[in-house]
file start34.pdb (PDB, C-alpha atoms and all ligand atoms)
ATOM      1  CA  MET Z   1      -1.256  11.719   0.831
ATOM      2  CA  ILE Z   2      -1.991   9.251   3.575
ATOM      3  CA  SER Z   3      -3.137   5.630   3.313
ATOM      4  CA  PRO Z   4      -3.793   4.163   6.768
ATOM      5  CA  SER Z   5      -3.128   0.432   6.911
ATOM      6  CA  LEU Z   6      -6.131  -1.350   8.351
ATOM      7  CA  LEU Z   7      -3.923  -4.143   9.682
ATOM      8  CA  SER Z   8      -3.476  -2.230  12.947
ATOM      9  CA  ALA Z   9      -7.142  -1.236  13.291
ATOM     10  CA  ASP Z  10      -9.505  -2.576  15.925
ATOM     11  CA  PHE Z  11     -11.141  -5.456  14.058
ATOM     12  CA  THR Z  12     -13.831  -5.787  16.694
ATOM     13  CA  ASN Z  13     -15.061  -2.329  15.771
ATOM     14  CA  LEU Z  14     -14.294  -1.561  12.154
ATOM     15  CA  GLU Z  15     -17.420   0.528  11.740
ATOM     16  CA  LYS Z  16     -16.053   2.974  14.286
ATOM     17  CA  GLU Z  17     -12.615   2.974  12.633
ATOM     18  CA  PHE Z  18     -14.152   3.714   9.217
ATOM     19  CA  LYS Z  19     -16.212   6.538  10.672
ATOM     20  CA  ILE Z  20     -12.969   8.249  11.737
ATOM     21  CA  LEU Z  21     -11.280   7.588   8.370
ATOM     22  CA  ASN Z  22     -14.289   9.098   6.592
ATOM     23  CA  GLU Z  23     -14.539  12.131   8.839
ATOM     24  CA  GLU Z  24     -10.809  12.824   8.665
ATOM     25  CA  LYS Z  25     -10.913  12.343   4.883
ATOM     26  CA  VAL Z  26      -7.883  10.121   4.438
ATOM     27  CA  ASP Z  27      -6.793   9.754   0.807
ATOM     28  CA  PHE Z  28      -6.790   5.963   0.584
ATOM     29  CA  ILE Z  29      -7.380   2.950   2.805
ATOM     30  CA  HIS Z  30      -4.519   0.463   2.650
ATOM     31  CA  LEU Z  31      -5.628  -3.174   2.745
ATOM     32  CA  ASP Z  32      -2.880  -5.727   3.388
ATOM     33  CA  ILE Z  33      -3.745  -9.124   1.959
ATOM     34  CA  MET Z  34      -1.423 -11.914   3.166
ATOM     35  CA  ASP Z  35      -1.626 -15.572   2.223
ATOM     36  CA  GLY Z  36       0.716 -17.301   4.684
ATOM     37  CA  ASN Z  37       2.715 -18.443   1.682
ATOM     38  CA  TYR Z  38       4.424 -15.489   0.042
ATOM     39  CA  VAL Z  39       4.640 -13.871   3.479
ATOM     40  CA  PRO Z  40       4.738 -15.575   6.893
ATOM     41  CA  ASN Z  41       1.375 -14.243   8.024
ATOM     42  CA  ILE Z  42      -2.296 -14.533   7.090
ATOM     43  CA  SER Z  43      -4.589 -11.510   7.187
ATOM     44  CA  TYR Z  44      -7.934 -11.380   5.392
ATOM     45  CA  GLY Z  45      -9.311 -11.872   1.914
ATOM     46  CA  PRO Z  46     -11.731 -10.465  -0.658
ATOM     47  CA  GLY Z  47     -14.800 -11.428   1.369
ATOM     48  CA  ILE Z  48     -13.844  -9.046   4.152
ATOM     49  CA  VAL Z  49     -12.893  -6.337   1.634
ATOM     50  CA  LYS Z  50     -16.312  -6.672   0.031
ATOM     51  CA  SER Z  51     -18.096  -6.404   3.346
ATOM     52  CA  LEU Z  52     -16.215  -3.179   4.144
ATOM     53  CA  ARG Z  53     -16.950  -1.503   0.829
ATOM     54  CA  HIS Z  54     -20.291  -0.007   1.898
ATOM     55  CA  LEU Z  55     -18.655   1.756   4.856
ATOM     56  CA  THR Z  56     -16.778   4.300   2.754
ATOM     57  CA  GLU Z  57     -16.215   5.881  -0.638
ATOM     58  CA  ILE Z  58     -12.504   6.330  -0.013
ATOM     59  CA  PRO Z  59     -10.469   4.362  -2.589
ATOM     60  CA  PHE Z  60      -9.271   0.939  -1.487
ATOM     61  CA  ASP Z  61      -5.504   0.664  -1.902
ATOM     62  CA  THR Z  62      -5.095  -3.109  -2.011
ATOM     63  CA  HIS Z  63      -1.651  -4.540  -1.328
ATOM     64  CA  LEU Z  64      -1.554  -8.178  -2.404
ATOM     65  CA  MET Z  65       1.149 -10.206  -0.661
ATOM     66  CA  ILE Z  66      -0.049 -13.447  -2.178
ATOM     67  CA  GLU Z  67       1.265 -16.064  -4.605
ATOM     68  CA  ARG Z  68      -0.375 -16.134  -8.049
ATOM     69  CA  PRO Z  69      -2.241 -12.859  -7.645
ATOM     70  CA  GLU Z  70      -3.603 -13.278 -11.185
ATOM     71  CA  ASN Z  71      -6.053 -15.851  -9.806
ATOM     72  CA  PHE Z  72      -7.602 -13.299  -7.435
ATOM     73  CA  ILE Z  73      -7.652 -10.028  -9.393
ATOM     74  CA  GLU Z  74     -11.253 -10.446 -10.528
ATOM     75  CA  GLU Z  75     -12.403 -11.200  -6.981
ATOM     76  CA  PHE Z  76     -10.717  -8.102  -5.578
ATOM     77  CA  VAL Z  77     -12.169  -5.987  -8.378
ATOM     78  CA  LYS Z  78     -15.627  -7.324  -7.495
ATOM     79  CA  ALA Z  79     -14.920  -6.685  -3.813
ATOM     80  CA  GLY Z  80     -14.305  -3.005  -4.599
ATOM     81  CA  SER Z  81     -10.538  -2.555  -4.847
ATOM     82  CA  ASP Z  82      -9.425   0.604  -6.669
ATOM     83  CA  ILE Z  83      -5.642   0.216  -6.675
ATOM     84  CA  ILE Z  84      -4.230  -3.299  -6.894
ATOM     85  CA  THR Z  85      -0.553  -3.692  -6.030
ATOM     86  CA  ILE Z  86       1.341  -6.919  -6.566
ATOM     87  CA  HIS Z  87       4.873  -8.150  -5.846
ATOM     88  CA  PRO Z  88       6.862  -9.052  -8.990
ATOM     89  CA  MET Z  89       8.107 -12.413  -7.656
ATOM     90  CA  THR Z  90       4.575 -13.679  -7.014
ATOM     91  CA  THR Z  91       3.540 -14.000 -10.646
ATOM     92  CA  LYS Z  92       5.179 -15.821 -13.537
ATOM     93  CA  HIS Z  93       3.799 -13.304 -16.024
ATOM     94  CA  LEU Z  94       4.171  -9.831 -14.647
ATOM     95  CA  ASP Z  95       3.146  -7.933 -17.775
ATOM     96  CA  ARG Z  96       0.081 -10.116 -18.248
ATOM     97  CA  THR Z  97      -1.011  -9.673 -14.629
ATOM     98  CA  LEU Z  98      -0.601  -5.888 -14.802
ATOM     99  CA  SER Z  99      -2.636  -5.893 -18.034
ATOM    100  CA  LEU Z 100      -5.316  -7.916 -16.292
ATOM    101  CA  ILE Z 101      -5.626  -5.292 -13.540
ATOM    102  CA  LYS Z 102      -5.817  -2.563 -16.170
ATOM    103  CA  SER Z 103      -8.430  -4.475 -18.162
ATOM    104  CA  TYR Z 104     -10.840  -3.902 -15.265
ATOM    105  CA  GLY Z 105     -10.093  -0.183 -15.298
ATOM    106  CA  LYS Z 106      -8.224  -0.404 -11.981
ATOM    107  CA  LYS Z 107      -4.959   1.231 -11.011
ATOM    108  CA  THR Z 108      -1.803  -0.881 -11.037
ATOM    109  CA  GLY Z 109       0.887  -0.953  -8.389
ATOM    110  CA  LEU Z 110       4.165  -2.832  -8.165
ATOM    111  CA  ALA Z 111       5.814  -3.415  -4.783
ATOM    112  CA  LEU Z 112       9.559  -3.543  -4.195
ATOM    113  CA  ASN Z 113      10.855  -5.248  -1.054
ATOM    114  CA  PRO Z 114      13.804  -3.698   0.789
ATOM    115  CA  GLY Z 115      16.233  -6.108  -0.916
ATOM    116  CA  ASP Z 116      14.755  -5.793  -4.426
ATOM    117  CA  SER Z 117      16.595  -3.814  -7.077
ATOM    118  CA  LEU Z 118      14.932  -1.332  -9.399
ATOM    119  CA  ASP Z 119      15.631  -3.450 -12.495
ATOM    120  CA  VAL Z 120      12.051  -4.672 -12.707
ATOM    121  CA  LEU Z 121      10.894  -1.086 -13.238
ATOM    122  CA  ASN Z 122      12.903  -0.717 -16.432
ATOM    123  CA  TYR Z 123      10.353  -2.396 -18.707
ATOM    124  CA  ASN Z 124       7.284  -2.028 -16.499
ATOM    125  CA  LEU Z 125       7.269   1.526 -15.194
ATOM    126  CA  GLU Z 126       5.072   2.894 -18.002
ATOM    127  CA  LYS Z 127       2.411   0.404 -17.044
ATOM    128  CA  LEU Z 128       2.295   1.411 -13.401
ATOM    129  CA  ASP Z 129       0.135   3.978 -11.663
ATOM    130  CA  LEU Z 130       2.066   3.443  -8.456
ATOM    131  CA  VAL Z 131       5.351   2.053  -7.168
ATOM    132  CA  LEU Z 132       5.066   0.743  -3.620
ATOM    133  CA  ILE Z 133       8.423   0.901  -1.902
ATOM    134  CA  MET Z 134       8.505  -1.398   1.111
ATOM    135  CA  SER Z 135      10.491   0.018   3.998
ATOM    136  CA  VAL Z 136      10.122  -3.201   6.030
ATOM    137  CA  ASN Z 137      10.025  -6.819   4.917
ATOM    138  CA  PRO Z 138       6.392  -7.590   4.146
ATOM    139  CA  GLY Z 139       4.335  -9.670   6.549
ATOM    140  CA  PHE Z 140       3.718  -7.716   9.721
ATOM    141  CA  GLY Z 141       2.704  -4.327  11.004
ATOM    142  CA  GLY Z 142       4.724  -2.557  13.667
ATOM    143  CA  GLN Z 143       8.221  -3.224  12.270
ATOM    144  CA  LYS Z 144      11.125  -0.798  12.187
ATOM    145  CA  PHE Z 145      11.761   1.418   9.149
ATOM    146  CA  ILE Z 146      14.840   0.355   7.139
ATOM    147  CA  PRO Z 147      16.750   3.595   6.430
ATOM    148  CA  SER Z 148      18.574   2.393   3.282
ATOM    149  CA  VAL Z 149      15.195   2.599   1.578
ATOM    150  CA  LEU Z 150      15.452   6.394   1.510
ATOM    151  CA  ARG Z 151      18.036   6.142  -1.263
ATOM    152  CA  LYS Z 152      15.733   3.804  -3.174
ATOM    153  CA  ILE Z 153      12.893   6.316  -2.947
ATOM    154  CA  ARG Z 154      15.156   9.002  -4.431
ATOM    155  CA  GLU Z 155      16.252   6.670  -7.230
ATOM    156  CA  VAL Z 156      12.690   5.717  -8.154
ATOM    157  CA  LYS Z 157      11.678   9.380  -8.087
ATOM    158  CA  LYS Z 158      14.531  10.187 -10.467
ATOM    159  CA  LEU Z 159      13.514   7.412 -12.836
ATOM    160  CA  ILE Z 160       9.902   8.634 -12.910
ATOM    161  CA  GLU Z 161      11.004  12.206 -13.597
ATOM    162  CA  GLU Z 162      13.484  11.175 -16.309
ATOM    163  CA  ARG Z 163      10.677   9.428 -18.141
ATOM    164  CA  ASN Z 164       8.212  12.239 -17.606
ATOM    165  CA  LEU Z 165       5.655  10.013 -15.916
ATOM    166  CA  ASP Z 166       3.139  10.779 -13.204
ATOM    167  CA  THR Z 167       3.554   7.450 -11.410
ATOM    168  CA  LEU Z 168       3.004   7.818  -7.681
ATOM    169  CA  ILE Z 169       5.467   6.628  -5.062
ATOM    170  CA  GLU Z 170       3.982   4.980  -1.994
ATOM    171  CA  VAL Z 171       6.122   4.026   0.999
ATOM    172  CA  ASP Z 172       4.990   1.254   3.317
ATOM    173  CA  GLY Z 173       6.369   0.009   6.625
ATOM    174  CA  GLY Z 174       7.565   1.649   9.813
ATOM    175  CA  VAL Z 175       6.441   5.116   8.765
ATOM    176  CA  LYS Z 176       5.927   7.269  11.869
ATOM    177  CA  LEU Z 177       5.467  10.931  12.564
ATOM    178  CA  ASP Z 178       9.160  11.282  13.330
ATOM    179  CA  ASN Z 179      10.439   9.900  10.000
ATOM    180  CA  ALA Z 180       7.576  10.922   7.710
ATOM    181  CA  LYS Z 181       9.218  14.205   6.718
ATOM    182  CA  GLU Z 182      12.391  12.433   5.535
ATOM    183  CA  VAL Z 183      10.304   9.988   3.525
ATOM    184  CA  LEU Z 184       8.347  12.798   1.878
ATOM    185  CA  ASP Z 185      11.540  14.757   1.171
ATOM    186  CA  ALA Z 186      13.018  11.702  -0.535
ATOM    187  CA  GLY Z 187      10.095  11.732  -2.988
ATOM    188  CA  ALA Z 188       7.162   9.807  -1.531
ATOM    189  CA  ASP Z 189       3.653  10.854  -2.594
ATOM    190  CA  ILE Z 190       1.697   8.474  -0.371
ATOM    191  CA  LEU Z 191       2.594   7.340   3.131
ATOM    192  CA  VAL Z 192       1.182   4.081   4.442
ATOM    193  CA  ALA Z 193       0.995   3.958   8.228
ATOM    194  CA  GLY Z 194      -0.635   1.321  10.376
ATOM    195  CA  SER Z 195       0.672   1.189  13.930
ATOM    196  CA  ALA Z 196       1.444   4.931  13.883
ATOM    197  CA  ILE Z 197      -2.208   5.718  13.130
ATOM    198  CA  PHE Z 198      -4.494   3.198  14.774
ATOM    199  CA  LYS Z 199      -4.211   3.607  18.519
ATOM    200  CA  LYS Z 200      -6.943   3.482  21.087
ATOM    201  CA  ASP Z 201      -8.582   6.920  21.327
ATOM    202  CA  LYS Z 202      -5.712   8.496  19.369
ATOM    203  CA  THR Z 203      -6.489   7.526  15.784
ATOM    204  CA  ARG Z 204      -8.134  10.811  14.908
ATOM    205  CA  GLU Z 205      -5.352  12.962  16.286
ATOM    206  CA  ASN Z 206      -2.712  10.773  14.630
ATOM    207  CA  ILE Z 207      -4.343  11.265  11.229
ATOM    208  CA  LYS Z 208      -4.526  14.999  11.810
ATOM    209  CA  ALA Z 209      -0.832  15.079  12.764
ATOM    210  CA  PHE Z 210       0.150  13.212   9.583
ATOM    211  CA  LYS Z 211      -1.960  15.557   7.482
ATOM    212  CA  GLU Z 212      -0.302  18.581   9.043
ATOM    213  CA  LEU Z 213       3.077  17.253   7.988
TER     214      LEU Z 213
HETATM  215  C1  LIG U   1       3.518  -4.954   6.004
HETATM  216  C2  LIG U   1       2.352  -4.209   5.427
HETATM  217  C3  LIG U   1       2.209  -2.817   5.913
HETATM  218  C4  LIG U   1       1.969  -2.690   7.398
HETATM  219  C5  LIG U   1       2.407  -1.331   7.833
HETATM  220  O1  LIG U   1       3.638  -6.161   5.341
HETATM  221  O2  LIG U   1       2.480  -4.156   4.013
HETATM  222  O3  LIG U   1       1.199  -2.130   5.193
HETATM  223  O4  LIG U   1       0.659  -2.904   7.776
HETATM  224  O5  LIG U   1       2.327  -1.263   9.215
HETATM  225  P1  LIG U   1       3.221  -0.261  10.062
HETATM  226  O6  LIG U   1       2.860   1.125   9.611
HETATM  227  O7  LIG U   1       2.815  -0.551  11.453
HETATM  228  O8  LIG U   1       4.656  -0.598   9.764
HETATM  229 ZN    ZN U   2       1.069  -2.851   2.902
END
call {"tool": "encode", "arguments": {"input": "start34.pdb", "output": "structure tokens", "more": "lines below"}}
Ligand code: DX5
Ligand code: ZN
result
Amino acid sequence: MISPSLLSADFTNLEKEFKILNEEKVDFIHLDIMDGNYVPNISYGPGIVKSLRHLTEIPFDTHLMIERPENFIEEFVKAGSDIITIHPMTTKHLDRTLSLIKSYGKKTGLALNPGDSLDVLNYNLEKLDLVLIMSVNPGFGGQKFIPSVLRKIREVKKLIEERNLDTLIEVDGGVKLDNAKEVLDAGADILVAGSAIFKKDKTRENIKAFKEL
């Protein structure tokens, strides 16, 4: 499945970008929320997400790179988020925050940075609909894929299979047409791609090329 990251879209013409995403039937739309605190960049917040909701019925895959995400879950639910992914270090009460997302009937995701170990999955995996494996350090689009992450994808896949779960693996950062196959072979179910998808006059053909893969 493919989840284009809106971060690289043309923000002066989002209506046009959404038209392409709708027509090409992407599986999810990846929304990167950055607070300038947990990550060294600021993107956009729930107000923008809410204003985009009427443009599509495609599920909003919301990646929260913000401190204290528990304070914003309700707002993102109201804005129309379908999957809400958080980073474990951003909340003091991980289990409680995941429960909060679930209490709204939304899908839970947990993101692992390139340097994070899998330990946090041990007691949380059963609660997750999705594990987001970061293949760049979070904060910016257009960074280079970190290859050591391929082993991590395989290890997470193994863990999910050992426990007989249907948790999805999403891989985010530096995914391009020329490494997508490797990432899928390692066990990814969903590819996030921003800069490899949104390009002037090429967005539609880029989506098609990813889908063909
Ligand atoms: C990085 C974000 C990514 C980013 C991906 O912090 O989480 O979703 O937008 O962009 P590309 O595909 O350009 O690496
Ligand atoms: Zn992301």
call {"tool": "residues_near_ligand", "arguments": {"input": "start34.pdb", "ligand": "ligand LIG 1 (chain U)", "cutoff": "6 Å", "atoms": "only C-alpha atoms and all ligand atoms", "output": "list in words"}}
result
Ser5, Leu7, Asp32, Pro138, Gly139, Phe140, Gly141, Gly142, Gln143, Asp172, Gly173, Gly174, Val175, Ala193, Gly194, Ser195 and Ala196 of chain Z
call {"tool": "write_last_selection", "arguments": {"input": "start34.pdb", "atoms": "C-alpha atoms", "output": "mmCIF file, keeping the file's coordinate frame"}}
result
data_model
loop_
_atom_site.group_PDB
_atom_site.id
_atom_site.type_symbol
_atom_site.label_atom_id
_atom_site.label_comp_id
_atom_site.auth_asym_id
_atom_site.auth_seq_id
_atom_site.Cartn_x
_atom_site.Cartn_y
_atom_site.Cartn_z
ATOM 1 C CA SER Z 5 -3.128 0.432 6.911
ATOM 2 C CA LEU Z 7 -3.923 -4.143 9.682
ATOM 3 C CA ASP Z 32 -2.880 -5.727 3.388
ATOM 4 C CA PRO Z 138 6.392 -7.590 4.146
ATOM 5 C CA GLY Z 139 4.335 -9.670 6.549
ATOM 6 C CA PHE Z 140 3.718 -7.716 9.721
ATOM 7 C CA GLY Z 141 2.704 -4.327 11.004
ATOM 8 C CA GLY Z 142 4.724 -2.557 13.667
ATOM 9 C CA GLN Z 143 8.221 -3.224 12.270
ATOM 10 C CA ASP Z 172 4.990 1.254 3.317
ATOM 11 C CA GLY Z 173 6.369 0.009 6.625
ATOM 12 C CA GLY Z 174 7.565 1.649 9.813
ATOM 13 C CA VAL Z 175 6.441 5.116 8.765
ATOM 14 C CA ALA Z 193 0.995 3.958 8.228
ATOM 15 C CA GLY Z 194 -0.635 1.321 10.376
ATOM 16 C CA SER Z 195 0.672 1.189 13.930
ATOM 17 C CA ALA Z 196 1.444 4.931 13.883
#
call {"tool": "resolve_selection", "arguments": {"input": "start34.pdb", "expression": "the PyMOL selection byres (((chain Z and resi 189-192) around 6) and not hetatm)", "output": "list in words"}}
result
Met1, Ile2, Ser3, Pro4, Leu168, Ile169, Glu170, Val171, Asp172, Ala188 and Ala193 of chain Z
call {"tool": "residues_near_point", "arguments": {"input": "start34.pdb", "point": "(9.8, 0.8, -16.8)", "cutoff": "10 Å", "atoms": "all atoms listed in the file", "output": "list of chain:residue names"}}
result
Z:Leu118, Z:Asp119, Z:Val120, Z:Leu121, Z:Asn122, Z:Tyr123, Z:Asn124, Z:Leu125, Z:Glu126, Z:Lys127, Z:Leu128, Z:Leu159, Z:Ile160, Z:Arg163
call {"tool": "closest_residue", "arguments": {"input": "start34.pdb", "among": "Z:Ala180, Z:Val39, Z:Leu52, Z:Ile153", "to": "ligand ZN 2 (chain U)", "atoms": "all atoms listed in the file"}}
result
Z:Val39
call {"tool": "resolve_selection", "arguments": {"input": "start34.pdb", "expression": "the PyMOL selection byres (((chain Z and resi 151) around 12) and not hetatm)", "output": "ChimeraX atom specification"}}
result
/Z:114,117-118,133,135,146-150,152-158,182-183,185-188
call {"tool": "atom_distance", "arguments": {"input": "start34.pdb", "atom1": "atom CA of Z:Asp166", "atom2": "atom CA of Z:Ile83"}}
result
15.2 Å
call {"tool": "resolve_selection", "arguments": {"input": "start34.pdb", "expression": "the PyMOL selection byres (((chain Z and resi 69) around 12) and not hetatm)", "output": "PyMOL selection string"}}
result
chain Z and resi 33-35+37-38+45+62-68+70-76+84-94+96-98+100-101+110
call {"tool": "residues_near_point", "arguments": {"input": "start34.pdb", "point": "(-10.3, 9.7, 3.4)", "cutoff": "10 Å", "atoms": "only C-alpha atoms", "output": "VMD selection string"}}
result
chain Z and resid 1 to 4 18 to 29 56 to 59 207
call {"tool": "atom_distance", "arguments": {"input": "start34.pdb", "atom1": "atom CA of Z:Leu112", "atom2": "atom CA of Z:Leu6"}}
result
20.2 Å
call {"tool": "closest_residue", "arguments": {"input": "start34.pdb", "among": "Z:Thr108, Z:Asn179, Z:Asn13, Z:Ser8", "to": "Z:Phe145", "atoms": "only C-alpha atoms"}}
result
Z:Asn179
call {"tool": "atom_distance", "arguments": {"input": "start34.pdb", "atom1": "atom CA of Z:Leu132", "atom2": "atom CA of Z:Asp201"}}
result
29.1 Å
call {"tool": "closest_residue", "arguments": {"input": "start34.pdb", "among": "Z:Ser81, Z:Val136, Z:Glu15, Z:Leu130", "to": "ligand ZN 2 (chain U)", "atoms": "all atoms listed in the file"}}
result
Z:Val136
call {"tool": "closest_residue", "arguments": {"input": "start34.pdb", "among": "Z:Ile48, Z:Leu184, Z:Leu177, Z:Met134", "to": "Z:Lys208", "atoms": "all atoms listed in the file"}}
result
Z:Leu177
call {"tool": "closest_residue", "arguments": {"input": "start34.pdb", "among": "Z:Asn137, Z:Thr12, Z:Pro46, Z:Ser51", "to": "ligand ZN 2 (chain U)", "atoms": "all atoms listed in the file"}}
result
Z:Asn137
call {"tool": "closest_residue", "arguments": {"input": "start34.pdb", "among": "Z:Ala9, Z:Lys16, Z:Val131, Z:Asp61", "to": "ligand ZN 2 (chain U)", "atoms": "all atoms listed in the file"}}
result
Z:Asp61
